[in-house]
$ cat target19.csv   # CSV, C-alpha atoms and all ligand atoms
chain,number,residue,atom,x,y,z
A,1,MET,CA,-0.7,96.3,34.0
A,2,CYS,CA,2.4,94.4,33.2
A,3,TYR,CA,3.0,92.7,29.9
A,4,ARG,CA,6.0,91.9,27.7
A,5,HIS,CA,6.5,93.9,24.6
A,6,SER,CA,9.4,95.1,22.5
A,7,MET,CA,7.8,98.3,21.0
A,8,LYS,CA,10.1,101.3,21.2
A,9,ARG,CA,8.7,104.8,21.9
A,10,LEU,CA,10.0,107.5,19.5
A,11,PRO,CA,9.9,111.0,20.9
A,12,PRO,CA,8.2,113.7,18.8
A,13,THR,CA,11.6,115.4,18.2
A,14,ALA,CA,13.5,115.9,14.9
A,15,GLU,CA,15.4,112.7,15.6
A,16,GLY,CA,12.3,110.7,16.5
A,17,LEU,CA,10.6,111.9,13.3
A,18,ALA,CA,13.6,111.1,11.2
A,19,ALA,CA,13.7,107.5,12.6
A,20,ALA,CA,10.0,107.1,11.9
A,21,VAL,CA,10.4,108.3,8.3
A,22,ASP,CA,13.3,106.0,7.7
A,23,HIS,CA,11.3,103.1,9.0
A,24,LEU,CA,8.3,103.9,6.9
A,25,ARG,CA,10.4,104.4,3.7
A,26,GLY,CA,11.9,101.0,4.3
A,27,GLY,CA,8.4,99.5,4.2
A,28,GLY,CA,7.9,99.4,8.0
A,29,ILE,CA,4.8,100.1,10.0
A,30,LEU,CA,4.5,102.1,13.3
A,31,GLY,CA,2.1,103.6,15.8
A,32,MET,CA,1.2,107.3,15.0
A,33,PRO,CA,-0.7,109.8,17.1
A,34,THR,CA,-3.7,111.7,15.8
A,35,GLU,CA,-6.2,113.9,17.5
A,36,THR,CA,-8.8,111.2,17.5
A,37,VAL,CA,-7.1,107.9,18.3
A,38,TYR,CA,-3.6,106.4,17.6
A,39,GLY,CA,-3.2,104.9,14.2
A,40,LEU,CA,-1.0,102.1,12.8
A,41,ALA,CA,0.7,103.8,9.8
A,42,ALA,CA,2.3,102.6,6.6
A,43,SER,CA,3.0,104.2,3.2
A,44,ALA,CA,-0.3,104.2,1.3
A,45,PHE,CA,1.5,103.2,-2.0
A,46,ASP,CA,3.5,100.3,-0.5
A,47,ALA,CA,1.2,97.3,-0.8
A,48,ARG,CA,3.5,95.1,1.2
A,49,ALA,CA,3.6,97.5,4.1
A,50,VAL,CA,-0.2,97.9,3.9
A,51,ALA,CA,-0.4,94.1,4.1
A,52,ALA,CA,1.7,94.1,7.2
A,53,ILE,CA,-0.9,96.4,8.9
A,54,PHE,CA,-3.7,93.9,8.2
A,55,ALA,CA,-1.5,91.1,9.6
A,56,ALA,CA,-0.5,93.0,12.8
A,57,LYS,CA,-4.1,94.0,13.5
A,58,GLU,CA,-5.5,90.6,12.4
A,59,ARG,CA,-7.9,92.7,10.4
A,60,PRO,CA,-10.0,91.1,7.7
A,61,LEU,CA,-9.0,92.2,4.2
A,62,PHE,CA,-12.5,93.4,3.4
A,63,ASP,CA,-12.2,96.3,5.8
A,64,PRO,CA,-10.7,99.3,3.9
A,65,LEU,CA,-8.2,101.9,5.4
A,66,ILE,CA,-8.1,105.7,5.7
A,67,ALA,CA,-5.3,107.5,3.9
A,68,HIS,CA,-3.9,110.5,5.9
A,69,VAL,CA,-2.6,113.5,4.1
A,70,ALA,CA,-0.6,116.6,5.2
A,71,GLU,CA,-2.0,120.0,5.6
A,72,ALA,CA,-2.3,121.8,2.2
A,73,ASP,CA,-5.0,123.0,-0.1
A,74,PRO,CA,-7.6,120.1,0.1
A,75,ALA,CA,-7.8,119.5,-3.7
A,76,SER,CA,-4.0,119.2,-4.1
A,77,ALA,CA,-3.7,117.1,-0.9
A,78,VAL,CA,-6.1,114.5,-2.2
A,79,ALA,CA,-4.8,114.6,-5.7
A,80,PRO,CA,-2.4,111.6,-5.4
A,81,LEU,CA,-5.3,109.4,-4.1
A,82,ALA,CA,-8.6,110.6,-5.3
A,83,ARG,CA,-10.2,111.8,-8.6
A,84,LEU,CA,-12.1,115.0,-8.0
A,85,ASP,CA,-12.5,115.2,-11.8
A,86,ALA,CA,-14.9,112.2,-11.5
A,87,LEU,CA,-17.3,114.3,-9.4
A,88,GLY,CA,-20.0,116.5,-10.8
A,89,GLU,CA,-20.1,120.2,-10.0
A,90,ALA,CA,-22.4,119.8,-7.0
A,91,ALA,CA,-20.2,117.1,-5.5
A,92,CYS,CA,-17.1,119.2,-6.0
A,93,GLU,CA,-18.8,122.0,-4.1
A,94,ARG,CA,-19.8,119.7,-1.3
A,95,PHE,CA,-16.3,118.3,-1.1
A,96,ALA,CA,-14.9,121.8,-0.8
A,97,ALA,CA,-17.4,122.7,1.9
A,98,LEU,CA,-16.7,119.6,3.9
A,99,ALA,CA,-12.9,120.1,3.5
A,100,THR,CA,-13.2,123.3,5.5
A,101,CYS,CA,-13.2,120.9,8.5
A,102,TRP,CA,-9.6,119.9,7.6
A,103,PRO,CA,-7.3,119.5,9.3
A,104,GLY,CA,-9.7,117.7,11.7
A,105,PRO,CA,-11.6,114.6,12.6
A,106,LEU,CA,-13.4,114.1,9.3
A,107,THR,CA,-12.8,111.4,6.7
A,108,ILE,CA,-14.2,111.9,3.2
A,109,VAL,CA,-14.7,109.0,0.8
A,110,LEU,CA,-14.0,109.9,-2.8
A,111,PRO,CA,-13.6,108.1,-6.1
A,112,LYS,CA,-10.1,106.6,-6.1
A,113,ARG,CA,-7.1,106.8,-8.4
A,114,ALA,CA,-6.0,103.5,-10.0
A,115,GLU,CA,-2.5,104.0,-8.4
A,116,VAL,CA,-4.0,103.4,-4.9
A,117,PRO,CA,-3.4,99.7,-4.0
A,118,ASP,CA,-6.6,97.6,-3.9
A,119,LEU,CA,-5.6,96.4,-0.5
A,120,VAL,CA,-6.0,99.9,0.9
A,121,THR,CA,-9.6,100.2,-0.4
A,122,ALA,CA,-10.6,96.5,-0.1
A,123,GLY,CA,-11.2,96.6,-3.9
A,124,LEU,CA,-13.8,99.4,-3.6
A,125,PRO,CA,-13.8,102.1,-6.3
A,126,THR,CA,-13.5,104.7,-3.6
A,127,VAL,CA,-10.8,105.8,-1.1
A,128,ALA,CA,-11.2,107.4,2.3
A,129,VAL,CA,-9.0,110.5,3.0
A,130,ARG,CA,-8.4,112.5,6.1
A,131,MET,CA,-6.2,115.4,7.1
A,132,PRO,CA,-5.4,114.9,10.8
A,133,ASP,CA,-5.2,117.9,13.2
A,134,HIS,CA,-2.3,116.7,15.4
A,135,PRO,CA,1.0,118.5,15.2
A,136,VAL,CA,3.0,115.3,15.4
A,137,ALA,CA,0.9,113.6,12.7
A,138,GLN,CA,1.3,116.6,10.5
A,139,ALA,CA,5.0,116.8,11.0
A,140,LEU,CA,5.3,113.1,10.2
A,141,LEU,CA,3.2,113.4,7.0
A,142,ARG,CA,5.2,116.4,5.9
A,143,ALA,CA,8.6,114.7,6.6
A,144,PHE,CA,7.5,111.5,4.9
A,145,GLY,CA,6.2,113.4,1.9
A,146,GLY,CA,3.3,111.3,0.9
A,147,PRO,CA,0.0,109.8,2.2
A,148,LEU,CA,0.0,107.3,5.1
A,149,VAL,CA,-2.7,104.8,5.7
A,150,ALA,CA,-3.6,104.3,9.3
A,151,PRO,CA,-6.4,102.3,10.9
A,152,SER,CA,-6.8,102.6,14.6
A,153,ALA,CA,-3.8,100.9,16.3
A,154,ASN,CA,-5.7,98.1,18.1
A,155,ARG,CA,-6.2,94.5,17.3
A,156,PHE,CA,-9.3,94.0,15.2
A,157,GLY,CA,-12.5,94.4,17.0
A,158,ARG,CA,-10.9,95.7,20.2
A,159,ILE,CA,-10.9,99.1,22.0
A,160,SER,CA,-9.2,101.9,20.1
A,161,PRO,CA,-6.1,103.3,21.8
A,162,THR,CA,-5.9,106.9,22.9
A,163,THR,CA,-2.5,106.8,24.7
A,164,VAL,CA,0.9,105.3,23.8
A,165,GLU,CA,0.4,102.9,26.7
A,166,ALA,CA,-2.7,101.5,25.0
A,167,VAL,CA,-0.9,101.1,21.7
A,168,GLU,CA,1.8,99.1,23.5
A,169,ALA,CA,-0.8,97.0,25.2
A,170,GLU,CA,-2.5,96.3,21.8
A,171,LEU,CA,0.4,95.8,19.4
A,172,GLY,CA,3.6,96.0,21.5
A,173,ASP,CA,4.5,92.4,20.7
A,174,ARG,CA,4.3,92.9,16.9
A,175,VAL,CA,5.0,96.5,15.9
A,176,PRO,CA,8.5,97.9,16.5
A,177,PHE,CA,7.8,101.6,17.1
A,178,VAL,CA,5.2,104.1,18.3
A,179,LEU,CA,5.6,107.8,17.8
A,180,ASP,CA,4.7,109.5,21.1
A,181,GLY,CA,2.2,112.3,20.7
A,182,GLY,CA,0.7,112.3,24.2
A,183,PRO,CA,-3.0,111.5,24.9
A,184,CYS,CA,-5.5,112.1,22.1
A,185,ALA,CA,-7.5,115.3,22.5
A,186,ILE,CA,-10.7,114.0,20.9
A,187,GLY,CA,-10.8,110.4,21.8
A,188,VAL,CA,-13.3,109.0,19.3
A,189,GLU,CA,-12.5,108.3,15.6
A,190,SER,CA,-13.2,110.6,12.7
A,191,THR,CA,-16.6,111.0,11.2
A,192,VAL,CA,-16.7,109.2,7.9
A,193,VAL,CA,-18.8,110.6,5.0
A,194,ALA,CA,-19.1,109.6,1.4
A,195,VAL,CA,-19.5,112.2,-1.3
A,196,ASP,CA,-21.3,110.6,-4.3
A,197,ALA,CA,-20.7,111.7,-7.9
A,198,ASP,CA,-24.1,113.3,-8.0
A,199,GLY,CA,-23.4,115.4,-4.9
A,200,ALA,CA,-25.2,113.3,-2.3
A,201,VAL,CA,-23.4,113.2,1.1
A,202,ARG,CA,-23.9,110.1,3.3
A,203,LEU,CA,-22.8,109.5,6.9
A,204,LEU,CA,-21.0,106.2,7.1
A,205,ARG,CA,-19.7,106.5,10.7
A,206,PRO,CA,-20.5,109.1,13.4
A,207,GLY,CA,-17.3,110.5,14.9
A,208,GLY,CA,-15.4,113.6,16.1
A,209,VAL,CA,-17.2,116.1,13.9
A,210,PRO,CA,-20.9,116.1,14.8
A,211,ARG,CA,-23.4,115.5,12.0
A,212,GLU,CA,-25.1,118.8,12.8
A,213,ALA,CA,-21.9,120.7,12.0
A,214,LEU,CA,-21.6,118.9,8.6
A,215,GLU,CA,-25.2,119.6,7.8
A,216,GLY,CA,-24.5,123.3,8.5
A,217,LEU,CA,-22.0,123.0,5.6
A,218,VAL,CA,-23.7,120.9,3.0
A,219,GLY,CA,-27.4,120.6,4.0
A,220,ALA,CA,-29.1,117.3,4.9
A,221,ILE,CA,-26.9,114.2,5.1
A,222,GLY,CA,-28.3,110.8,4.3
A,223,LEU,CA,-27.5,107.9,6.6
A,224,GLY,CA,-25.3,105.0,6.0
A,225,GLY,CA,-24.4,103.0,2.9
A,226,SER,CA,-24.7,99.4,1.9
A,227,GLY,CA,-22.9,96.8,4.0
A,228,ILE,CA,-20.5,96.4,1.1
A,229,GLU,CA,-19.7,100.0,1.0
A,230,ALA,CA,-18.8,100.5,4.6
A,231,PRO,CA,-17.6,97.0,5.4
A,232,GLY,CA,-15.7,98.3,8.5
A,233,GLN,CA,-19.0,99.0,10.2
A,234,VAL,CA,-19.3,95.5,11.6
A,235,GLU,CA,-21.5,95.3,14.6
A,236,SER,CA,-19.1,93.9,17.2
A,237,HIS,CA,-16.3,96.5,17.5
A,238,TYR,CA,-14.5,98.5,20.2
A,239,ALA,CA,-15.2,95.5,22.4
A,240,PRO,CA,-13.8,95.0,25.8
A,241,SER,CA,-13.0,91.3,26.7
A,242,LYS,CA,-15.7,91.4,29.4
A,243,PRO,CA,-19.4,91.4,28.4
A,244,LEU,CA,-20.8,94.9,28.2
A,245,THR,CA,-24.5,95.4,28.7
A,246,LEU,CA,-25.9,98.7,27.3
A,247,LEU,CA,-28.9,99.9,29.3
A,248,PRO,CA,-31.9,100.8,27.2
A,249,ALA,CA,-32.0,104.3,28.6
A,250,ALA,CA,-30.9,106.3,31.6
A,251,LEU,CA,-30.4,104.7,35.0
A,252,ASP,CA,-33.6,105.9,36.6
A,253,VAL,CA,-35.6,103.5,34.5
A,254,VAL,CA,-33.6,100.5,35.9
A,255,THR,CA,-35.9,98.4,38.0
A,256,ASP,CA,-35.4,95.4,40.2
A,257,GLY,CA,-34.3,92.4,38.1
A,258,ALA,CA,-33.7,94.5,35.0
A,259,LEU,CA,-30.1,93.5,34.9
A,260,GLU,CA,-30.1,89.8,35.1
A,261,GLY,CA,-26.8,87.9,35.2
A,262,PRO,CA,-24.3,86.9,37.8
A,263,GLY,CA,-21.6,88.8,39.5
A,264,ALA,CA,-20.8,92.3,40.5
A,265,VAL,CA,-20.7,94.9,37.8
A,266,ALA,CA,-18.6,97.9,36.7
A,267,LEU,CA,-20.9,100.9,35.9
A,268,LEU,CA,-20.0,103.3,33.1
A,269,ARG,CA,-21.9,106.5,32.9
A,270,VAL,CA,-21.4,108.9,30.0
A,271,VAL,CA,-22.5,112.0,32.0
A,272,GLY,CA,-23.5,112.7,35.6
A,273,SER,CA,-22.3,111.5,39.0
A,274,ALA,CA,-20.7,108.1,39.2
A,275,GLU,CA,-21.6,107.8,42.9
A,276,ALA,CA,-25.3,108.6,42.3
A,277,GLY,CA,-25.3,106.0,39.5
A,278,ARG,CA,-23.8,103.4,41.9
A,279,GLN,CA,-26.4,104.1,44.5
A,280,ARG,CA,-29.2,103.9,41.9
A,281,LEU,CA,-28.1,100.5,40.7
A,282,GLU,CA,-27.6,99.2,44.3
A,283,ARG,CA,-31.1,100.3,45.2
A,284,ALA,CA,-32.2,98.0,42.3
A,285,GLY,CA,-30.3,95.1,44.0
A,286,ILE,CA,-27.2,95.2,41.7
A,287,GLU,CA,-23.8,95.0,43.3
A,288,VAL,CA,-21.5,97.7,41.8
A,289,ILE,CA,-17.8,97.0,42.3
A,290,GLU,CA,-16.6,100.1,40.4
A,291,ALA,CA,-18.4,103.1,39.0
A,292,ALA,CA,-17.0,105.6,36.5
A,293,SER,CA,-18.4,108.7,34.8
A,294,LEU,CA,-16.9,110.0,31.5
A,295,SER,CA,-17.9,113.6,32.5
A,296,GLU,CA,-19.4,114.3,35.9
A,297,VAL,CA,-20.3,117.9,34.7
A,298,GLY,CA,-21.9,116.6,31.5
A,299,ASP,CA,-19.4,117.9,28.9
A,300,LEU,CA,-19.5,115.6,25.9
A,301,SER,CA,-16.0,116.6,24.6
A,302,GLU,CA,-14.6,115.5,28.0
A,303,ALA,CA,-16.7,112.3,27.8
A,304,ALA,CA,-15.5,111.4,24.3
A,305,ARG,CA,-11.9,112.0,25.3
A,306,ALA,CA,-12.2,109.6,28.3
A,307,LEU,CA,-14.3,106.9,26.6
A,308,PHE,CA,-11.8,104.4,25.4
A,309,ALA,CA,-9.3,104.7,28.2
A,310,THR,CA,-12.2,104.3,30.7
A,311,LEU,CA,-13.5,101.2,28.9
A,312,ARG,CA,-10.0,99.8,29.0
A,313,ARG,CA,-9.6,100.5,32.7
A,314,LEU,CA,-12.9,98.8,33.6
A,315,ASP,CA,-12.0,95.9,31.3
A,316,GLU,CA,-8.9,95.4,33.4
A,317,GLY,CA,-10.6,95.9,36.7
A,318,PRO,CA,-12.2,93.3,39.1
A,319,ALA,CA,-15.8,93.3,37.8
A,320,ALA,CA,-17.2,90.3,35.9
A,321,ARG,CA,-19.0,92.5,33.5
A,322,ILE,CA,-19.6,96.1,32.5
A,323,VAL,CA,-23.0,97.9,32.4
A,324,ALA,CA,-23.1,101.2,30.5
A,325,GLU,CA,-25.7,104.0,30.2
A,326,PRO,CA,-26.1,105.1,26.5
A,327,GLY,CA,-25.6,108.7,27.3
A,328,PRO,CA,-27.7,111.8,26.7
A,329,GLY,CA,-28.7,110.9,23.1
A,330,GLU,CA,-27.6,111.4,19.6
A,331,ARG,CA,-26.8,115.0,19.5
A,332,GLY,CA,-23.3,116.4,18.9
A,333,LEU,CA,-20.5,114.0,20.1
A,334,GLY,CA,-23.2,112.0,21.9
A,335,HIS,CA,-23.9,110.3,18.6
A,336,ALA,CA,-20.4,108.9,18.3
A,337,ILE,CA,-20.3,107.9,22.0
A,338,ALA,CA,-23.6,106.1,21.8
A,339,ASP,CA,-22.5,104.4,18.6
A,340,ARG,CA,-19.2,103.1,20.1
A,341,LEU,CA,-21.0,101.8,23.2
A,342,ARG,CA,-23.6,100.1,21.2
A,343,ARG,CA,-20.9,98.3,19.1
A,344,ALA,CA,-19.0,97.5,22.3
A,345,SER,CA,-22.1,95.7,23.6
A,346,ALA,CA,-22.8,93.8,20.3
A,347,ARG,CA,-20.8,90.8,21.3
A,348,ALA,CA,-22.5,90.4,24.7
A,349,ARG,CA,-25.9,90.7,22.9
A,350,ALA,CA,-24.9,88.1,20.4
A,351,MET,CA,-23.9,85.7,23.1
A,401,LIG,O1,-10.0,108.8,13.4
A,401,LIG,C1,-9.8,107.9,12.6
A,401,LIG,O2,-10.4,107.8,11.6
A,401,LIG,C2,-8.7,106.9,12.9
A,401,LIG,C3,-7.3,107.6,13.0
A,401,LIG,C4,-6.1,106.7,13.2
A,401,LIG,O3,-7.2,108.4,11.8
A,401,LIG,N1,-8.7,105.8,12.0
A,401,LIG,C5,-9.6,104.9,11.9
A,401,LIG,O4,-9.4,103.9,11.0
A,401,LIG,O5,-10.6,104.9,12.7
A,401,LIG,P1,-10.2,102.5,11.0
A,401,LIG,O6,-9.5,101.7,10.0
A,401,LIG,O7,-10.3,102.0,12.3
A,401,LIG,O8,-11.6,102.9,10.4
A,401,LIG,C6,-11.7,103.2,9.1
A,401,LIG,C7,-13.2,103.3,8.7
A,401,LIG,C8,-13.7,101.9,8.5
A,401,LIG,O9,-14.9,101.7,9.3
A,401,LIG,C9,-14.0,101.7,7.0
A,401,LIG,O10,-15.1,101.0,6.8
A,401,LIG,C10,-14.2,103.1,6.6
A,401,LIG,O11,-13.3,103.9,7.4
A,401,LIG,N2,-13.7,103.2,5.2
A,401,LIG,C11,-12.4,103.3,4.7
A,401,LIG,N3,-12.4,103.3,3.4
A,401,LIG,C12,-13.7,103.3,3.0
A,401,LIG,C13,-14.3,103.4,1.7
A,401,LIG,N4,-13.6,103.4,0.6
A,401,LIG,N5,-15.7,103.4,1.7
A,401,LIG,C14,-16.4,103.3,2.8
A,401,LIG,N6,-15.8,103.3,4.0
A,401,LIG,C15,-14.5,103.3,4.1
A,402,MG,MG,-10.8,101.0,14.2
$ encode --input "target19.csv" --output "structure tokens"
Amino acid sequence: MCYRHSMKRLPPTAEGLAAAVDHLRGGGILGMPTETVYGLAASAFDARAVAAIFAAKERPLFDPLIAHVAEADPASAVAPLARLDALGEAACERFAALATCWPGPLTIVLPKRAEVPDLVTAGLPTVAVRMPDHPVAQALLRAFGGPLVAPSANRFGRISPTTVEAVEAELGDRVPFVLDGGPCAIGVESTVVAVDADGAVRLLRPGGVPREALEGLVGAIGLGGSGIEAPGQVESHYAPSKPLTLLPAALDVVTDGALEGPGAVALLRVVGSAEAGRQRLERAGIEVIEAASLSEVGDLSEAARALFATLRRLDEGPAARIVAEPGPGERGLGHAIADRLRRASARARAM
């Protein structure tokens, strides 16, 4: 695709990192790689720079940001942002157990320090913290010497970027730099959990660390929070510009007339053969212009890694709309994949 942008790629070299740090210290914002998706970074304690993130993304101010910290002992890494002393003993233990996933795709919501700007937390008494497991993100955080807030580097409600090219397509006309860290290895955002003062742990967003893995560390995890507490969890999110219809289940249940609506479709399968999927839909009388599988062999890590780039590609392709299979269920990374596809379909459902 050809579009005009003035975003400059910084290489992940000593010079590139130094330029990135200078820019951030001067109050600038830039695209940053992580192992999940690319983020749009600013100094967590610079309220003006944080405001520039919201403006560039056109993100509503009620949607709080994640602060990223460098690799170190988890308690000392969160100290500038969060108050572990406000947690009871059980909660401290759960935090320590969860933090064994760091560095990695897990975000932990903790009581915040007064020093954290309200803009970062959307006025909530808590702050979301994560230690990314990407060598370039780690190098940037260490060189910068403080926490960086970074929402996914897409315009609000759009598909998250997993390559520098996608960051350029989303924000190239309004953000001056992106630090090049190659394609993201995980491909879906971090899992977000809250640790309450009494030690309860709640899942606010499924993501790169499966819920089962967290339950192995801290026991049963409750679901969700109030709408106020996880305001970023708006329904329509990760949305392509074309309508996306999520099938109720696997393709074999699609019958004639099940997919009403005009025009040829692009088919997105999470696992299994793209060609078999195409044939199945065509037998039900649906014209399939393009078919893609996130993992022909059924590997959910491969599927997660391919999810957003494939959605982007189908969105740019010739089909009038996208039809997606929900995938093999809510286990492991399947939970995050199904969640993102459901949100991507929310706008079409609302229409
Ligand atoms: O993998 C990721 O987490 C990526 C990379 C760049 O690190 N970042 C990311 O950020 O996905 P963002 O802004 O797209 O999503 C942040 C989520 C939002 O859904 C928001 O509601 C939730 O984290 N969040 C942030 N602070 C919170 C808080 N204090 N309480 C509850 N939820 C919070
Ligand atoms: Mg996002």
$ closest_residue --input "target19.csv" --among "A:Gly88, A:Pro64, A:Gly145, A:Gly104" --to "Leu119 of chain A" --atoms "all atoms listed in the file"
A:Pro64
$ residues_around --input "target19.csv" --residues "Ala19 of chain A" --least-positions-apart "6" --cutoff "12 Å" --atoms "only C-alpha atoms" --output "PyMOL selection string"
chain A and resi 8-13+25-26+28-30+140+143-144+176-179
$ atom_distance --input "target19.csv" --atom1 "atom CA of Gly208 of chain A" --atom2 "atom CA of Gly277 of chain A"
26.5 Å
$ residues_near_point --input "target19.csv" --point "(-2.5, 121.1, 10.4)" --cutoff "9 Å" --atoms "only C-alpha atoms" --output "list in words"
Ala70, Glu71, Ala72, Trp102, Pro103, Gly104, Met131, Pro132, Asp133, His134, Pro135, Ala137, Gln138 and Ala139 of chain A
$ closest_residue --input "target19.csv" --among "A:Ala56, A:Pro243, A:Cys184, A:Ser43" --to "Ala306 of chain A" --atoms "all atoms listed in the file"
A:Cys184
$ atom_distance --input "target19.csv" --atom1 "atom CA of Pro210 of chain A" --atom2 "atom CA of Pro111 of chain A"
23.5 Å
$ closest_residue --input "target19.csv" --among "A:Val323, A:Leu294, A:Leu106, A:Leu223" --to "ligand LIG 401 (chain A)" --atoms "all atoms listed in the file"
A:Leu106
$ residues_around --input "target19.csv" --residues "Pro328 of chain A" --least-positions-apart "4" --cutoff "9 Å" --atoms "only C-alpha atoms" --output "list of chain:residue names"
A:Ala249, A:Ala250, A:Val270, A:Val271, A:Gly298, A:Gly334, A:Ala338
$ closest_residue --input "target19.csv" --among "A:Leu171, A:Leu204, A:Ala51, A:Ala319" --to "Asp339 of chain A" --atoms "all atoms listed in the file"
A:Leu204
$ residues_around --input "target19.csv" --residues "Asn154 of chain A" --least-positions-apart "5" --cutoff "12 Å" --atoms "only C-alpha atoms" --output "PyMOL selection string"
chain A and resi 30-32+37-41+53-59+159-175+237-240+308+312
$ closest_residue --input "target19.csv" --among "A:Arg305, A:Arg48, A:Arg313, A:Arg142" --to "Leu267 of chain A" --atoms "only C-alpha atoms"
A:Arg313
$ atom_distance --input "target19.csv" --atom1 "atom CA of Ser273 of chain A" --atom2 "atom O1 of ligand LIG 401 (chain A)"
28.5 Å
$ residues_near_point --input "target19.csv" --point "(-22.7, 98.4, 31.2)" --cutoff "9 Å" --atoms "all atoms listed in the file" --output "PyMOL selection string"
chain A and resi 243-247+265-269+321-326+341+345
$ residues_around --input "target19.csv" --residues "Ser190 of chain A" --least-positions-apart "6" --cutoff "8 Å" --atoms "all atoms listed in the file" --output "ChimeraX atom specification"
/A:36,104-107,205-209
$ closest_residue --input "target19.csv" --among "A:Pro60, A:Gly272, A:Gly27, A:Pro74" --to "ligand LIG 401 (chain A)" --atoms "all atoms listed in the file"
A:Pro60
$ residues_around --input "target19.csv" --residues "Val129 of chain A" --least-positions-apart "6" --cutoff "7 Å" --atoms "only C-alpha atoms" --output "PyMOL selection string"
chain A and resi 66-68+107-109
